[in-house]
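Notes follow the structure.
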Amino acid sequence: MKLALYDNQRTGRFIFLLLSIIAIIAVMLISNNLVKALAQQERERMNIWAQATERLAHADADADFEFLLSIIEQNNSIPVMVADGDFNIMEFRNFRLPDGESNPSAGFDQLSPKNRNYLLKRLKAPGGDTPLREMAQKNPHFIEVKIYDDAYQYIYYEDSILLKRLSWYPYIQLGVMVILVVIIYFAVIYTKRAEQDRVWAGLSKETAHQLGTPISSLMAWTQYLEATGVEPEITKEIDKDVKRLSVIADRFSKIGSVPELNLEYLNDVLVTSLDYMKNRISGKVKISMDLDPDDHGVRLSRPLFEWVMENLAKNAVDAMDGKGEIDISTGSDGKIAWIEIRDTGKGIARKNFKTVFNPGFTTKKRGWGLGLTLVKRIIEDYHGGRIFVKSSEINQGTTFRIELPLC
């Protein structure tokens, strides 16, 4: 199985995505560590704040009141409130109240009912009045401060606005990086495809140009053989193949440029293209046609579409190792005409239903794996249609389906 080119392309995409995922994970870990470090610093600050409050409550005449008060006053970012065991709020700082600023000068009792209810809801556990001592044992945002025997105060604090914003930062960063990776990935794919298009166009036109001279020469030699009395049957067959070469050259000249589409009828095009193949494939391959009596008019570039059918027929013959059946059927469904090409060959694994159209994908020992890529390009890019593997079973056969817009 020759899949080297396709495997290299798939490996390249895998490496790109793997490196992107590693980079995203690394950035997320660093950001999370920064957020955790800042959260730890805030917890340490609040522990110091609680210790200062406790010492201030037990301070004697020799205590450094100014130092202890300065510790308490230095907190201008972390939302904090002090309450007793009965949920009486004695002090609060840095809360953004619904009806006032974050640090109002008024005490708790002088706040509006809305602001008081807001602070009490922050202090109480959802759905009840769990004792503060019990909450302090379970919730790290509560700190118990012993004032004197059997008298405690409870310090409740929340993450600062800065920490809350930073906690969202890793997720925002993740979203931005994912979007950036997706944009880069599709930009690379687009650039690669544009480059492939240029290569296809240049190679095709150069091939058509190179074929032109020997074809002209062969035409002249055919006329010379006729004039020298060579049997007409021989010169007739040579002339057929020379004309065939001219058709092939014309097909190559149309790749890379927008072909002219004309009104054609499917049955006529299919019969013409497959009649040529019947005379040039193994007699052990039977080609049958089940064409819709209502011949469907579609806009086609006849030379390119005949190339599509020949490619599909050749692939079917190769898949059957030169022995089997090829069935061609047509029909319509709404605004589309469809063609189905079924063979009795080796079949295609379901995982490869889409990848068979990728450049370089081939299961043959010889060949570049470009036949179905050309077919897909001709049908979808030039004719606005669709081609896909309708069904396939290993060692049973494959059905390709082509859909084209009706005129």
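In the structure tokens, chains take letters A, B, ... by order of appearance, with residues numbered from 1 within each chain and ligands from 1 in the order shown.
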message: Need the shell around Phe95 in chain A: protein/DNA/RNA residues with any atom at most 12 Å away, counting only C-alpha atoms. Skip same-chain ones fewer than 5 positions apart. Format as a ChimeraX atom specification?
response: /A:76-81,100-104,115-116,118-120,122-123,156-161
Atoms to include: N, CA and C atoms. Write the selected residues as a PDB file, in the first residue's frame.
ATOM      1  N   ASN A  76      -7.170  47.839  50.878  1.00  0.00           N
ATOM      2  CA  ASN A  76      -8.071  48.664  50.065  1.00  0.00           C
ATOM      3  C   ASN A  76      -8.495  47.962  48.777  1.00  0.00           C
ATOM      4  N   SER A  77      -8.353  46.627  48.735  1.00  0.00           N
ATOM      5  CA  SER A  77      -8.737  45.900  47.525  1.00  0.00           C
ATOM      6  C   SER A  77      -9.534  44.633  47.808  1.00  0.00           C
ATOM      7  N   ILE A  78      -9.295  43.977  48.937  1.00  0.00           N
ATOM      8  CA  ILE A  78      -9.969  42.714  49.227  1.00  0.00           C
ATOM      9  C   ILE A  78     -11.282  42.997  49.962  1.00  0.00           C
ATOM     10  N   PRO A  79     -12.421  42.562  49.424  1.00  0.00           N
ATOM     11  CA  PRO A  79     -13.694  42.742  50.127  1.00  0.00           C
ATOM     12  C   PRO A  79     -13.697  41.930  51.425  1.00  0.00           C
ATOM     13  N   VAL A  80     -13.965  42.577  52.540  1.00  0.00           N
ATOM     14  CA  VAL A  80     -13.914  41.908  53.831  1.00  0.00           C
ATOM     15  C   VAL A  80     -14.963  42.518  54.751  1.00  0.00           C
ATOM     16  N   MET A  81     -15.535  41.670  55.629  1.00  0.00           N
ATOM     17  CA  MET A  81     -16.434  42.174  56.663  1.00  0.00           C
ATOM     18  C   MET A  81     -16.202  41.386  57.958  1.00  0.00           C
ATOM     19  N   GLY A 100     -24.520  52.073  46.484  1.00  0.00           N
ATOM     20  CA  GLY A 100     -23.479  52.957  47.001  1.00  0.00           C
ATOM     21  C   GLY A 100     -22.102  52.512  46.560  1.00  0.00           C
ATOM     22  N   GLU A 101     -21.099  53.288  46.981  1.00  0.00           N
ATOM     23  CA  GLU A 101     -19.727  53.010  46.588  1.00  0.00           C
ATOM     24  C   GLU A 101     -19.168  51.835  47.385  1.00  0.00           C
ATOM     25  N   SER A 102     -17.926  51.450  47.064  1.00  0.00           N
ATOM     26  CA  SER A 102     -17.356  50.260  47.677  1.00  0.00           C
ATOM     27  C   SER A 102     -16.950  50.483  49.134  1.00  0.00           C
ATOM     28  N   ASN A 103     -16.602  51.699  49.517  1.00  0.00           N
ATOM     29  CA  ASN A 103     -16.182  51.994  50.890  1.00  0.00           C
ATOM     30  C   ASN A 103     -16.981  53.170  51.458  1.00  0.00           C
ATOM     31  N   PRO A 104     -18.258  52.958  51.741  1.00  0.00           N
ATOM     32  CA  PRO A 104     -19.058  54.076  52.262  1.00  0.00           C
ATOM     33  C   PRO A 104     -18.611  54.438  53.676  1.00  0.00           C
ATOM     34  N   ASN A 115     -28.782  47.522  50.624  1.00  0.00           N
ATOM     35  CA  ASN A 115     -27.355  47.285  50.859  1.00  0.00           C
ATOM     36  C   ASN A 115     -27.135  46.340  52.042  1.00  0.00           C
ATOM     37  N   ARG A 116     -27.950  46.490  53.101  1.00  0.00           N
ATOM     38  CA  ARG A 116     -27.803  45.606  54.264  1.00  0.00           C
ATOM     39  C   ARG A 116     -28.112  44.151  53.874  1.00  0.00           C
ATOM     40  N   TYR A 118     -27.880  42.876  50.975  1.00  0.00           N
ATOM     41  CA  TYR A 118     -26.820  42.399  50.082  1.00  0.00           C
ATOM     42  C   TYR A 118     -25.653  41.839  50.888  1.00  0.00           C
ATOM     43  N   LEU A 119     -25.211  42.584  51.932  1.00  0.00           N
ATOM     44  CA  LEU A 119     -24.078  42.133  52.737  1.00  0.00           C
ATOM     45  C   LEU A 119     -24.425  40.881  53.545  1.00  0.00           C
ATOM     46  N   LEU A 120     -25.643  40.817  54.089  1.00  0.00           N
ATOM     47  CA  LEU A 120     -26.042  39.644  54.858  1.00  0.00           C
ATOM     48  C   LEU A 120     -26.096  38.393  53.992  1.00  0.00           C
ATOM     49  N   ARG A 122     -24.195  37.831  51.487  1.00  0.00           N
ATOM     50  CA  ARG A 122     -22.813  37.418  51.249  1.00  0.00           C
ATOM     51  C   ARG A 122     -22.255  36.666  52.453  1.00  0.00           C
ATOM     52  N   LEU A 123     -22.749  37.020  53.611  1.00  0.00           N
ATOM     53  CA  LEU A 123     -22.214  36.450  54.841  1.00  0.00           C
ATOM     54  C   LEU A 123     -22.830  35.091  55.153  1.00  0.00           C
ATOM     55  N   TYR A 156     -14.995  37.544  57.212  1.00  0.00           N
ATOM     56  CA  TYR A 156     -15.342  36.946  55.922  1.00  0.00           C
ATOM     57  C   TYR A 156     -14.740  37.798  54.816  1.00  0.00           C
ATOM     58  N   TYR A 157     -14.082  37.158  53.871  1.00  0.00           N
ATOM     59  CA  TYR A 157     -13.488  37.923  52.773  1.00  0.00           C
ATOM     60  C   TYR A 157     -13.724  37.216  51.445  1.00  0.00           C
ATOM     61  N   GLU A 158     -13.645  37.987  50.392  1.00  0.00           N
ATOM     62  CA  GLU A 158     -13.799  37.466  49.025  1.00  0.00           C
ATOM     63  C   GLU A 158     -12.562  37.793  48.215  1.00  0.00           C
ATOM     64  N   ASP A 159     -12.477  37.173  47.049  1.00  0.00           N
ATOM     65  CA  ASP A 159     -11.358  37.494  46.153  1.00  0.00           C
ATOM     66  C   ASP A 159     -11.481  38.937  45.694  1.00  0.00           C
ATOM     67  N   SER A 160     -10.349  39.581  45.565  1.00  0.00           N
ATOM     68  CA  SER A 160     -10.351  40.966  45.085  1.00  0.00           C
ATOM     69  C   SER A 160     -10.791  41.017  43.626  1.00  0.00           C
ATOM     70  N   ILE A 161     -11.149  42.204  43.203  1.00  0.00           N
ATOM     71  CA  ILE A 161     -11.581  42.386  41.805  1.00  0.00           C
ATOM     72  C   ILE A 161     -10.465  41.975  40.849  1.00  0.00           C
TER      73      ILE A 161
END
- request: Can you pull out every residue within 9 Å of Gly107 in chain A, counting only C-alpha atoms, but drop anything in the same chain fewer than 5 positions away, and send it as a ChimeraX atom specification?
  value: /A:90-92
Resulting file, chosen residues, all heavy atoms, as a compact mmCIF listing (two decimals), in the first residue's frame:
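To be explicit, this is the file written out as out.txt:
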# COMPACT_ATOMS: atom_id res chain seq x y z
N MET A 90 -20.18 44.31 61.99
CA MET A 90 -19.61 45.44 62.70
C MET A 90 -18.72 46.30 61.81
O MET A 90 -18.55 47.49 62.09
CB MET A 90 -18.79 44.91 63.90
CG MET A 90 -19.68 44.23 64.94
SD MET A 90 -18.72 43.46 66.26
CE MET A 90 -18.01 42.09 65.37
N GLU A 91 -18.18 45.71 60.78
CA GLU A 91 -17.30 46.47 59.88
C GLU A 91 -17.28 45.79 58.53
O GLU A 91 -17.38 44.55 58.43
CB GLU A 91 -15.88 46.54 60.46
CG GLU A 91 -14.93 47.41 59.63
CD GLU A 91 -13.52 47.46 60.22
OE1 GLU A 91 -13.31 46.92 61.33
OE2 GLU A 91 -12.63 48.02 59.54
N PHE A 92 -17.14 46.57 57.48
CA PHE A 92 -17.01 46.00 56.13
C PHE A 92 -16.20 46.95 55.28
O PHE A 92 -16.18 48.17 55.50
CB PHE A 92 -18.40 45.75 55.51
CG PHE A 92 -19.23 46.98 55.33
CD1 PHE A 92 -19.22 47.67 54.13
CD2 PHE A 92 -20.01 47.46 56.37
CE1 PHE A 92 -19.99 48.82 53.97
CE2 PHE A 92 -20.78 48.61 56.22
CZ PHE A 92 -20.76 49.29 55.01
Per-residue DSSP, range 149-370 of chain A, filtered to helix (DSSP H, G or I), as a VMD selection string: chain A and resid 161 to 227 232 to 254 266 to 278 302 to 319 350 to 352 355 to 357
task: Rank nothing, just name the residue among A:Val27, A:Ile379, A:Val242, A:Ile189 nearest to Tyr171 in chain A, using only C-alpha atoms.
output: A:Val27
message: Set the distance at 9 Å and use only C-alpha atoms: which residues neighbour Leu211 in chain A once local chain neighbours fewer than 6 positions away are removed? I'd like the list as a PyMOL selection string.
response: chain A and resi 245-246+248-249
Given the selection you just returned, output its residues as a file containing C-alpha atoms, formatted as a PDB file, in the first residue's frame.
ATOM      1  CA  LEU A 245      -4.293  12.458 -27.482  1.00  0.00           C
ATOM      2  CA  SER A 246      -5.677  15.769 -28.735  1.00  0.00           C
ATOM      3  CA  ILE A 248      -6.237  14.676 -23.440  1.00  0.00           C
ATOM      4  CA  ALA A 249      -4.143  17.729 -24.313  1.00  0.00           C
TER       5      ALA A 249
END
task: Check the DSSP output for the backbone and give back, as a list in words, the residues of range 251-321 of chain A in strand (DSSP E or B).
output: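 Matching residues for strand (DSSP E or B) in range 251-321 of chain A are Asn262, Leu263, Glu264, Tyr265, Val285, Lys286, Ile287, Ser288, Met289, Asp290, Gly297, Val298, Arg299 and Leu300 of chain A.
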Just the selected residues (C-alpha atoms), exported as a PDB file, in the first residue's frame, please.
ATOM      1  CA  ASN A 262     -22.365  24.146 -21.995  1.00  0.00           C
ATOM      2  CA  LEU A 263     -25.755  22.485 -21.807  1.00  0.00           C
ATOM      3  CA  GLU A 264     -25.176  18.744 -22.130  1.00  0.00           C
ATOM      4  CA  TYR A 265     -27.316  15.674 -21.558  1.00  0.00           C
ATOM      5  CA  VAL A 285     -14.876  -6.467 -16.996  1.00  0.00           C
ATOM      6  CA  LYS A 286     -18.561  -6.008 -17.748  1.00  0.00           C
ATOM      7  CA  ILE A 287     -19.881  -2.444 -17.946  1.00  0.00           C
ATOM      8  CA  SER A 288     -23.647  -2.072 -17.661  1.00  0.00           C
ATOM      9  CA  MET A 289     -25.754   1.089 -17.689  1.00  0.00           C
ATOM     10  CA  ASP A 290     -29.105   1.797 -16.093  1.00  0.00           C
ATOM     11  CA  GLY A 297     -29.743  18.523 -18.917  1.00  0.00           C
ATOM     12  CA  VAL A 298     -26.786  19.870 -16.951  1.00  0.00           C
ATOM     13  CA  ARG A 299     -24.095  22.445 -17.635  1.00  0.00           C
ATOM     14  CA  LEU A 300     -20.805  20.653 -18.278  1.00  0.00           C
TER      15      LEU A 300
END
